[in-house]
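Below is query-v1.cif, holding mmCIF, C-alpha atoms.
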data_target
#
loop_
_atom_site.label_atom_id
_atom_site.label_comp_id
_atom_site.auth_asym_id
_atom_site.auth_seq_id
_atom_site.Cartn_x
_atom_site.Cartn_y
_atom_site.Cartn_z
CA MET A 1159 1.17 -0.94 18.46
CA ALA A 1160 2.56 1.78 16.23
CA SER A 1161 0.00 2.53 13.54
CA GLY A 1162 2.53 4.16 11.24
CA LEU A 1163 0.19 7.05 10.48
CA THR A 1164 -0.27 10.37 12.24
CA MET A 1165 -3.16 12.68 11.39
CA THR A 1166 -2.96 16.30 12.55
CA GLU A 1167 -5.60 18.93 11.92
CA SER A 1168 -5.42 22.64 11.45
CA HIS A 1169 -7.71 25.21 9.90
CA SER A 1170 -7.14 27.84 7.27
CA GLY A 1171 -10.29 29.90 6.99
CA ASP A 1172 -13.08 27.39 6.42
CA VAL A 1173 -10.76 24.68 5.19
CA CYS A 1174 -9.88 21.85 7.54
CA ILE A 1175 -6.37 20.66 6.72
CA VAL A 1176 -5.43 17.14 7.72
CA SER A 1177 -1.66 16.65 7.63
CA LEU A 1178 -0.87 13.00 7.16
CA THR A 1179 2.51 11.64 8.20
CA GLY A 1180 3.72 8.09 7.60
CA ARG A 1181 2.14 5.27 5.63
CA ILE A 1182 -1.49 4.42 4.98
CA ASP A 1183 -1.98 0.67 4.72
CA SER A 1184 -4.30 -2.16 5.80
CA SER A 1185 -3.33 -1.75 9.43
CA ASN A 1186 -4.56 1.84 9.68
CA ALA A 1187 -6.92 2.41 6.73
CA ALA A 1188 -9.93 1.89 9.00
CA ASP A 1189 -8.61 4.53 11.45
CA PHE A 1190 -8.15 6.88 8.54
CA THR A 1191 -11.73 6.34 7.34
CA THR A 1192 -13.13 6.81 10.85
CA HIS A 1193 -11.14 9.99 11.28
CA VAL A 1194 -12.13 11.61 7.98
CA ASN A 1195 -15.76 10.51 8.24
CA GLY A 1196 -15.79 12.00 11.74
CA LEU A 1197 -14.67 15.35 10.34
CA ILE A 1198 -17.36 15.20 7.66
CA SER A 1199 -20.11 14.35 10.13
CA SER A 1200 -18.92 17.08 12.49
CA GLY A 1201 -19.85 19.53 9.73
CA GLU A 1202 -16.56 20.27 7.96
CA LYS A 1203 -17.41 21.27 4.41
CA SER A 1204 -13.93 21.61 2.93
CA ILE A 1205 -11.32 19.06 3.84
CA LEU A 1206 -7.80 19.07 2.50
CA LEU A 1207 -5.65 15.98 2.95
CA ASP A 1208 -2.03 17.07 2.86
CA PHE A 1209 0.07 14.16 1.59
CA ALA A 1210 3.44 15.96 1.80
CA ASN A 1211 4.72 13.56 4.48
CA VAL A 1212 3.05 10.38 3.25
CA LEU A 1213 5.65 7.76 2.43
CA TYR A 1214 3.30 5.48 0.54
CA LEU A 1215 -0.25 4.22 0.46
CA THR A 1216 -1.61 0.82 -0.43
CA SER A 1217 -4.80 -0.35 -2.12
CA ALA A 1218 -6.48 -0.51 1.30
CA ALA A 1219 -5.80 3.22 1.57
CA PHE A 1220 -7.22 3.85 -1.89
CA ARG A 1221 -10.42 2.09 -0.88
CA ALA A 1222 -10.54 4.23 2.27
CA LEU A 1223 -10.06 7.39 0.20
CA LEU A 1224 -12.85 6.38 -2.16
CA VAL A 1225 -15.16 5.75 0.78
CA ALA A 1226 -14.28 9.15 2.27
CA THR A 1227 -14.82 10.87 -1.06
CA ASP A 1228 -18.26 9.28 -1.41
CA GLU A 1229 -19.13 10.23 2.15
CA ALA A 1230 -18.07 13.83 1.50
CA GLU A 1231 -20.24 13.91 -1.61
CA ARG A 1232 -23.26 12.66 0.33
CA LYS A 1233 -22.81 15.42 2.89
CA ALA A 1234 -22.16 18.11 0.27
CA ALA A 1235 -18.58 18.53 1.49
CA ARG A 1236 -15.49 18.85 -0.63
CA LEU A 1237 -12.45 16.64 -0.20
CA ALA A 1238 -9.16 17.33 -1.91
CA LEU A 1239 -5.62 16.00 -1.76
CA CYS A 1240 -2.42 17.99 -2.14
CA SER A 1241 1.35 17.76 -2.19
CA LEU A 1242 1.82 14.18 -3.34
CA ALA A 1243 5.45 13.07 -3.54
CA SER A 1244 6.31 11.72 -6.99
CA GLN A 1245 6.52 8.12 -5.76
CA VAL A 1246 3.08 8.48 -4.17
CA ARG A 1247 1.63 10.01 -7.30
CA GLU A 1248 2.95 7.05 -9.27
CA LEU A 1249 0.93 4.73 -7.06
CA PHE A 1250 -2.25 6.66 -7.85
CA GLU A 1251 -1.34 6.36 -11.50
CA MET A 1252 -0.77 2.60 -11.28
CA GLY A 1253 -4.10 2.16 -9.56
CA GLY A 1254 -5.76 4.16 -12.35
CA LEU A 1255 -6.99 6.52 -9.65
CA LEU A 1256 -5.51 9.90 -10.53
CA ASP A 1257 -8.86 11.05 -11.88
CA ALA A 1258 -10.89 9.63 -9.00
CA PHE A 1259 -9.86 12.43 -6.64
CA THR A 1260 -9.29 16.16 -6.65
CA ILE A 1261 -5.50 16.31 -6.49
CA LEU A 1262 -3.69 19.65 -6.33
CA PRO A 1263 0.04 20.27 -6.52
CA SER A 1264 0.53 22.36 -3.39
CA ARG A 1265 -1.24 23.37 -0.22
CA ASP A 1266 -1.46 26.98 -1.43
CA GLU A 1267 -3.14 25.99 -4.68
CA ALA A 1268 -5.49 23.69 -2.83
CA LEU A 1269 -6.47 26.42 -0.36
CA ALA A 1270 -7.08 28.80 -3.23
CA ARG A 1271 -9.38 26.21 -4.80
CA LEU A 1272 -11.22 25.21 -1.63
CA GLY A 1273 -11.23 28.46 0.28
CA MET B 1460 32.14 -1.99 -3.20
CA SER B 1461 31.51 -5.65 -2.47
CA PRO B 1462 27.97 -6.91 -2.88
CA ALA B 1463 25.91 -7.18 0.28
CA PRO B 1464 25.84 -10.70 1.70
CA GLU B 1465 22.78 -12.84 1.14
CA GLN B 1466 20.13 -12.43 3.79
CA THR B 1467 17.04 -14.46 4.54
CA VAL B 1468 14.39 -13.67 7.10
CA THR B 1469 11.19 -15.58 7.76
CA VAL B 1470 8.35 -13.81 9.55
CA THR B 1471 5.46 -15.77 11.05
CA VAL B 1472 2.21 -13.84 10.74
CA ARG B 1473 -1.11 -14.51 12.46
CA ASN B 1474 -4.33 -14.01 10.52
CA GLU B 1475 -4.96 -10.61 12.05
CA ILE B 1476 -4.54 -7.42 10.10
CA THR B 1477 -2.60 -5.78 12.96
CA ASP B 1478 0.01 -8.51 12.72
CA LEU B 1479 1.13 -7.16 9.34
CA ALA B 1480 3.14 -4.54 11.21
CA SER B 1481 5.75 -7.22 11.94
CA VAL B 1482 6.27 -7.74 8.20
CA THR B 1483 6.38 -4.00 7.52
CA GLU B 1484 9.09 -3.64 10.14
CA ALA B 1485 11.06 -6.62 8.84
CA VAL B 1486 11.03 -5.24 5.29
CA ASP B 1487 12.14 -1.80 6.48
CA ARG B 1488 14.95 -3.36 8.48
CA ILE B 1489 16.20 -5.60 5.68
CA GLY B 1490 15.93 -2.70 3.25
CA ALA B 1491 18.18 -0.59 5.46
CA GLU B 1492 20.67 -3.37 6.15
CA ALA B 1493 20.97 -4.44 2.51
CA GLU B 1494 20.94 -0.81 1.30
CA ILE B 1495 17.98 -1.42 -0.97
CA PRO B 1496 16.80 1.85 -2.57
CA GLY B 1497 13.99 3.49 -0.59
CA LYS B 1498 11.61 3.48 -3.53
CA THR B 1499 12.03 -0.27 -3.99
CA VAL B 1500 11.36 -0.87 -0.29
CA MET B 1501 8.26 1.31 -0.48
CA GLN B 1502 6.97 -0.58 -3.52
CA LEU B 1503 7.52 -3.91 -1.77
CA GLN B 1504 5.55 -2.66 1.22
CA VAL B 1505 2.64 -1.76 -1.06
CA VAL B 1506 2.77 -5.21 -2.68
CA LEU B 1507 3.00 -7.09 0.60
CA ASP B 1508 0.17 -5.14 2.18
CA GLU B 1509 -2.08 -6.20 -0.69
CA VAL B 1510 -1.04 -9.84 -0.90
CA LEU B 1511 -0.89 -10.47 2.85
CA SER B 1512 -4.15 -8.70 3.65
CA ASN B 1513 -5.81 -10.91 1.03
CA VAL B 1514 -4.42 -14.02 2.71
CA ILE B 1515 -5.81 -12.81 6.02
CA LYS B 1516 -9.20 -11.95 4.49
CA TYR B 1517 -9.74 -14.99 2.26
CA ALA B 1518 -7.59 -17.95 3.30
CA TRP B 1519 -9.61 -19.01 6.33
CA PRO B 1520 -13.25 -18.06 5.77
CA ASP B 1521 -14.30 -19.88 8.95
CA GLY B 1522 -12.03 -17.68 11.07
CA GLY B 1523 -10.09 -19.17 13.94
CA ASN B 1524 -6.44 -18.63 14.71
CA HIS B 1525 -3.99 -19.40 11.94
CA GLU B 1526 -0.43 -18.59 11.03
CA PHE B 1527 1.32 -18.20 7.73
CA TYR B 1528 4.86 -17.48 6.66
CA VAL B 1529 6.61 -14.73 4.78
CA ARG B 1530 10.14 -15.55 3.69
CA ILE B 1531 12.26 -12.68 2.42
CA ASN B 1532 15.50 -13.40 0.61
CA VAL B 1533 17.89 -10.72 -0.60
CA ARG B 1534 20.85 -11.46 -2.82
CA ASN B 1535 22.71 -10.04 -5.80
CA GLY B 1536 20.54 -6.98 -6.14
CA GLY B 1537 17.29 -8.91 -6.11
CA ILE B 1538 14.60 -9.73 -3.60
CA GLU B 1539 12.47 -12.84 -3.53
CA ILE B 1540 9.50 -13.04 -1.21
CA THR B 1541 7.60 -16.27 -0.66
CA ILE B 1542 4.27 -16.32 1.14
CA THR B 1543 2.98 -19.72 2.25
CA ASP B 1544 -0.35 -20.43 3.90
CA ASP B 1545 -2.42 -23.55 4.55
CA GLY B 1546 -5.78 -21.90 3.87
CA ARG B 1547 -8.28 -22.69 1.14
CA PRO B 1548 -7.01 -22.50 -2.44
CA PHE B 1549 -6.69 -18.85 -3.42
CA ASN B 1550 -4.85 -17.62 -6.47
CA PRO B 1551 -4.29 -13.87 -6.20
CA LEU B 1552 -3.51 -13.69 -9.91
CA GLU B 1553 -6.99 -14.74 -10.93
CA GLN B 1554 -8.49 -11.45 -9.88
CA PRO B 1555 -9.23 -9.52 -13.07
CA ALA B 1556 -7.76 -6.10 -13.80
CA PRO B 1557 -10.16 -3.34 -12.77
CA ALA B 1558 -12.77 -2.45 -15.35
CA PRO B 1559 -12.43 1.13 -16.58
CA PRO B 1560 -14.95 3.29 -14.74
CA ALA B 1561 -17.97 4.64 -16.56
CA ALA B 1562 -17.60 8.28 -17.60
CA GLY B 1563 -17.94 10.57 -14.62
CA ARG B 1564 -17.94 7.74 -12.08
CA ARG B 1565 -15.26 6.78 -9.63
CA PRO B 1566 -13.64 3.41 -10.29
CA LEU B 1567 -14.83 0.54 -8.12
CA PRO B 1568 -12.47 -0.43 -5.33
CA GLY B 1569 -12.10 -4.13 -6.21
CA GLY B 1570 -9.22 -5.38 -8.32
CA VAL B 1571 -7.10 -2.25 -8.03
CA GLY B 1572 -4.68 -3.88 -5.60
CA ILE B 1573 -3.59 -6.87 -7.65
CA HIS B 1574 -3.42 -4.65 -10.71
CA MET B 1575 -0.89 -2.49 -8.84
CA VAL B 1576 1.00 -5.53 -7.57
CA ARG B 1577 1.59 -6.76 -11.11
CA GLN B 1578 3.14 -3.41 -12.02
CA LEU B 1579 5.34 -3.21 -8.93
CA VAL B 1580 7.13 -6.56 -9.09
CA ASP B 1581 9.18 -8.26 -11.80
CA SER B 1582 7.36 -11.56 -11.40
CA ILE B 1583 4.58 -13.09 -9.36
CA GLU B 1584 3.79 -16.79 -9.33
CA TYR B 1585 1.20 -18.87 -7.57
CA VAL B 1586 1.36 -22.59 -6.85
CA ARG B 1587 -0.91 -24.85 -4.85
CA PHE B 1588 0.87 -27.85 -3.39
CA ASP B 1589 0.53 -30.12 -0.42
CA GLY B 1590 -2.59 -28.30 0.79
CA ARG B 1591 -0.82 -24.95 0.74
CA ASN B 1592 -0.93 -21.75 -1.26
CA GLN B 1593 2.43 -20.33 -2.19
CA VAL B 1594 2.96 -16.96 -3.82
CA THR B 1595 6.46 -15.99 -4.92
CA LEU B 1596 7.33 -12.41 -5.82
CA THR B 1597 10.61 -11.21 -7.24
CA LYS B 1598 11.95 -7.72 -7.71
CA SER B 1599 15.41 -6.55 -8.67
CA TYR B 1600 16.74 -3.21 -7.59
CA GLY B 1601 19.39 -2.40 -10.10
CA LEU B 1602 22.56 -3.14 -8.16
CA GLU B 1603 25.66 -3.19 -10.33
CA PRO B 1604 26.30 -6.76 -11.40
CA PRO B 1605 28.92 -8.46 -9.23
CA LEU B 1606 32.41 -8.17 -10.67
CA ARG B 1607 33.77 -11.55 -9.76
CA ARG B 1608 32.32 -13.50 -12.67
CA GLY B 1609 34.09 -13.69 -16.04
CA GLY B 1610 37.63 -12.89 -16.92
CA GLU B 1611 37.63 -9.10 -17.30
#
The structure in this file should be written as structure tokens.
Amino acid sequence: MASGLTMTESHSGDVCIVSLTGRIDSSNAADFTTHVNGLISSGEKSILLDFANVLYLTSAAFRALLVATDEAERKAARLALCSLASQVRELFEMGGLLDAFTILPSRDEALARLG
Amino acid sequence: MSPAPEQTVTVTVRNEITDLASVTEAVDRIGAEAEIPGKTVMQLQVVLDEVLSNVIKYAWPDGGNHEFYVRINVRNGGIEITITDDGRPFNPLEQPAPAPPAAGRRPLPGGVGIHMVRQLVDSIEYVRFDGRNQVTLTKSYGLEPPLRRGGE
């Protein structure tokens, strides 16, 4: 079954960048949580979720992001999001969730903040 | 340009979260065929993910294998989606809007989804009849009105 979401990691200095491609919805939100929690428990302290190629995300994805953010906090790690397309940003706005996460305009700005 | 012909597709979905992929694919396909703007298709996907995952989670608390139906109708620049299940009575509209989070705290996850749904569709209605739940969503996508009506 196609999950509709690809997660690819790279590193820039101490920052672990997760490039997300596709959609985050009920069918893959659990995979997303497992993946990000795995990075946190493996000791990553700065994680950047690059949303540049995310088509959309649903409320299941927002719940997963909140869980990951809490998990990061517990492990003294930082989690940030960058490069949201305008239609994706609108969804955060509709959910009243723009302030729930650290959201930065571009990967460069995010790396400057996290690095 | 003549308006796209009316299209109706009904997808049968099992009460398993992985089965939602068949609806996602159907909506993508109809969106492409009917030339529905990408943003509208995306918003419908967000709405359907919320509504359908709630059916799967809440309609049959005792589990077991069940099926429900998603009917998608496209005509005259508008989309109507009807979701029918024979589970326990469940009105998705009765979930309250999310409470504003306390200062410095993240908002709680519950309620965000239906709050988004209300903003993403033009109308959402729930009826219970004949032992079934039926949710009907409508959304227009700003097609030019058809030219054949009237005497211009």
Inset, instruction - Could you expand the PyMOL selection byres ((chain A and resi 1217-1223) around 7) into the explicit residues it covers here, written as JSON, numbers by chain? - result: {"A": [1182, 1183, 1184, 1187, 1191, 1215, 1216, 1224, 1225, 1226, 1227], "B": [1509, 1568, 1571, 1572]}
Inset, instruction - Select, counting all atoms listed in the file, all protein, DNA and RNA residues no farther than 12 Å from (-6.0, 26.9, -2.5) in file coordinates, and express the selection as JSON, numbers by chain. - result: {"A": [1170, 1171, 1172, 1173, 1174, 1175, 1204, 1205, 1206, 1208, 1238, 1239, 1240, 1241, 1260, 1261, 1262, 1263, 1264, 1265, 1266, 1267, 1268, 1269, 1270, 1271, 1272, 1273]}
Legend entry - Result set of the PyMOL selection byres ((chain B) within 8 of (chain A)) on the coordinates above, as a ChimeraX atom specification: /B:1476-1477,1479-1480,1498,1501,1505-1506,1508-1509,1512,1564-1566,1568,1571-1572,1574-1575,1578
Inset, instruction - I would like the residues chosen by the PyMOL selection byres ((chain B and resi 1581) around 6) on the shown file; could you give them as a PyMOL selection string? - result: chain B and resi 1580+1582+1597-1598
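With only C-alpha atoms as the atoms that count, the minimum distance from A:Gly1180 to the choices A:Ala1243, A:Ala1230, A:Val1212, A:Val1194 is reached by A:Val1212.
In this comparison, which uses all atoms listed in the file, the residue of B:Val1486, B:Val1500, B:Val1510, B:Ile1515 approaching B:Val1576 most closely is B:Val1510.
Atom CA of B:Val1468 is found 9.0 Å from atom CA of B:Val1533.
Interatomic distance, atom CA of B:Thr1499 to atom CA of B:Leu1579: 8.8 Å.
Pairwise distance (atom CA of A:Glu1229, atom CA of A:Leu1256) equals 18.6 Å.
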Legend entry - Contact residues around B:Gln1593 with all atoms listed in the file at 9 Å, ignoring same-chain residues under 2 positions, as a PyMOL selection string: chain B and resi 1541-1545+1550+1584-1588+1591+1595
Inset, instruction - Identify the residues within 6 Å of coordinate (-8.4, -20.2, 1.4) (same frame as the file), considering only C-alpha atoms, and give the answer as a count of residues only. - result: 7
Inset, instruction - Do a neighbour search on B:Gly1497 at 10 Å with all atoms listed in the file, toss out local chain neighbours closer than 6 positions, and write the hits as a VMD selection string. - result: (chain A and resid 1213) or (chain B and resid 1487 1490 to 1491 1503)
Inset, instruction - Between B:Ile1573, B:Gln1554, B:Leu1507, B:Gly1601, single out the one closest to B:Arg1530, counting all atoms listed in the file. - result: B:Leu1507
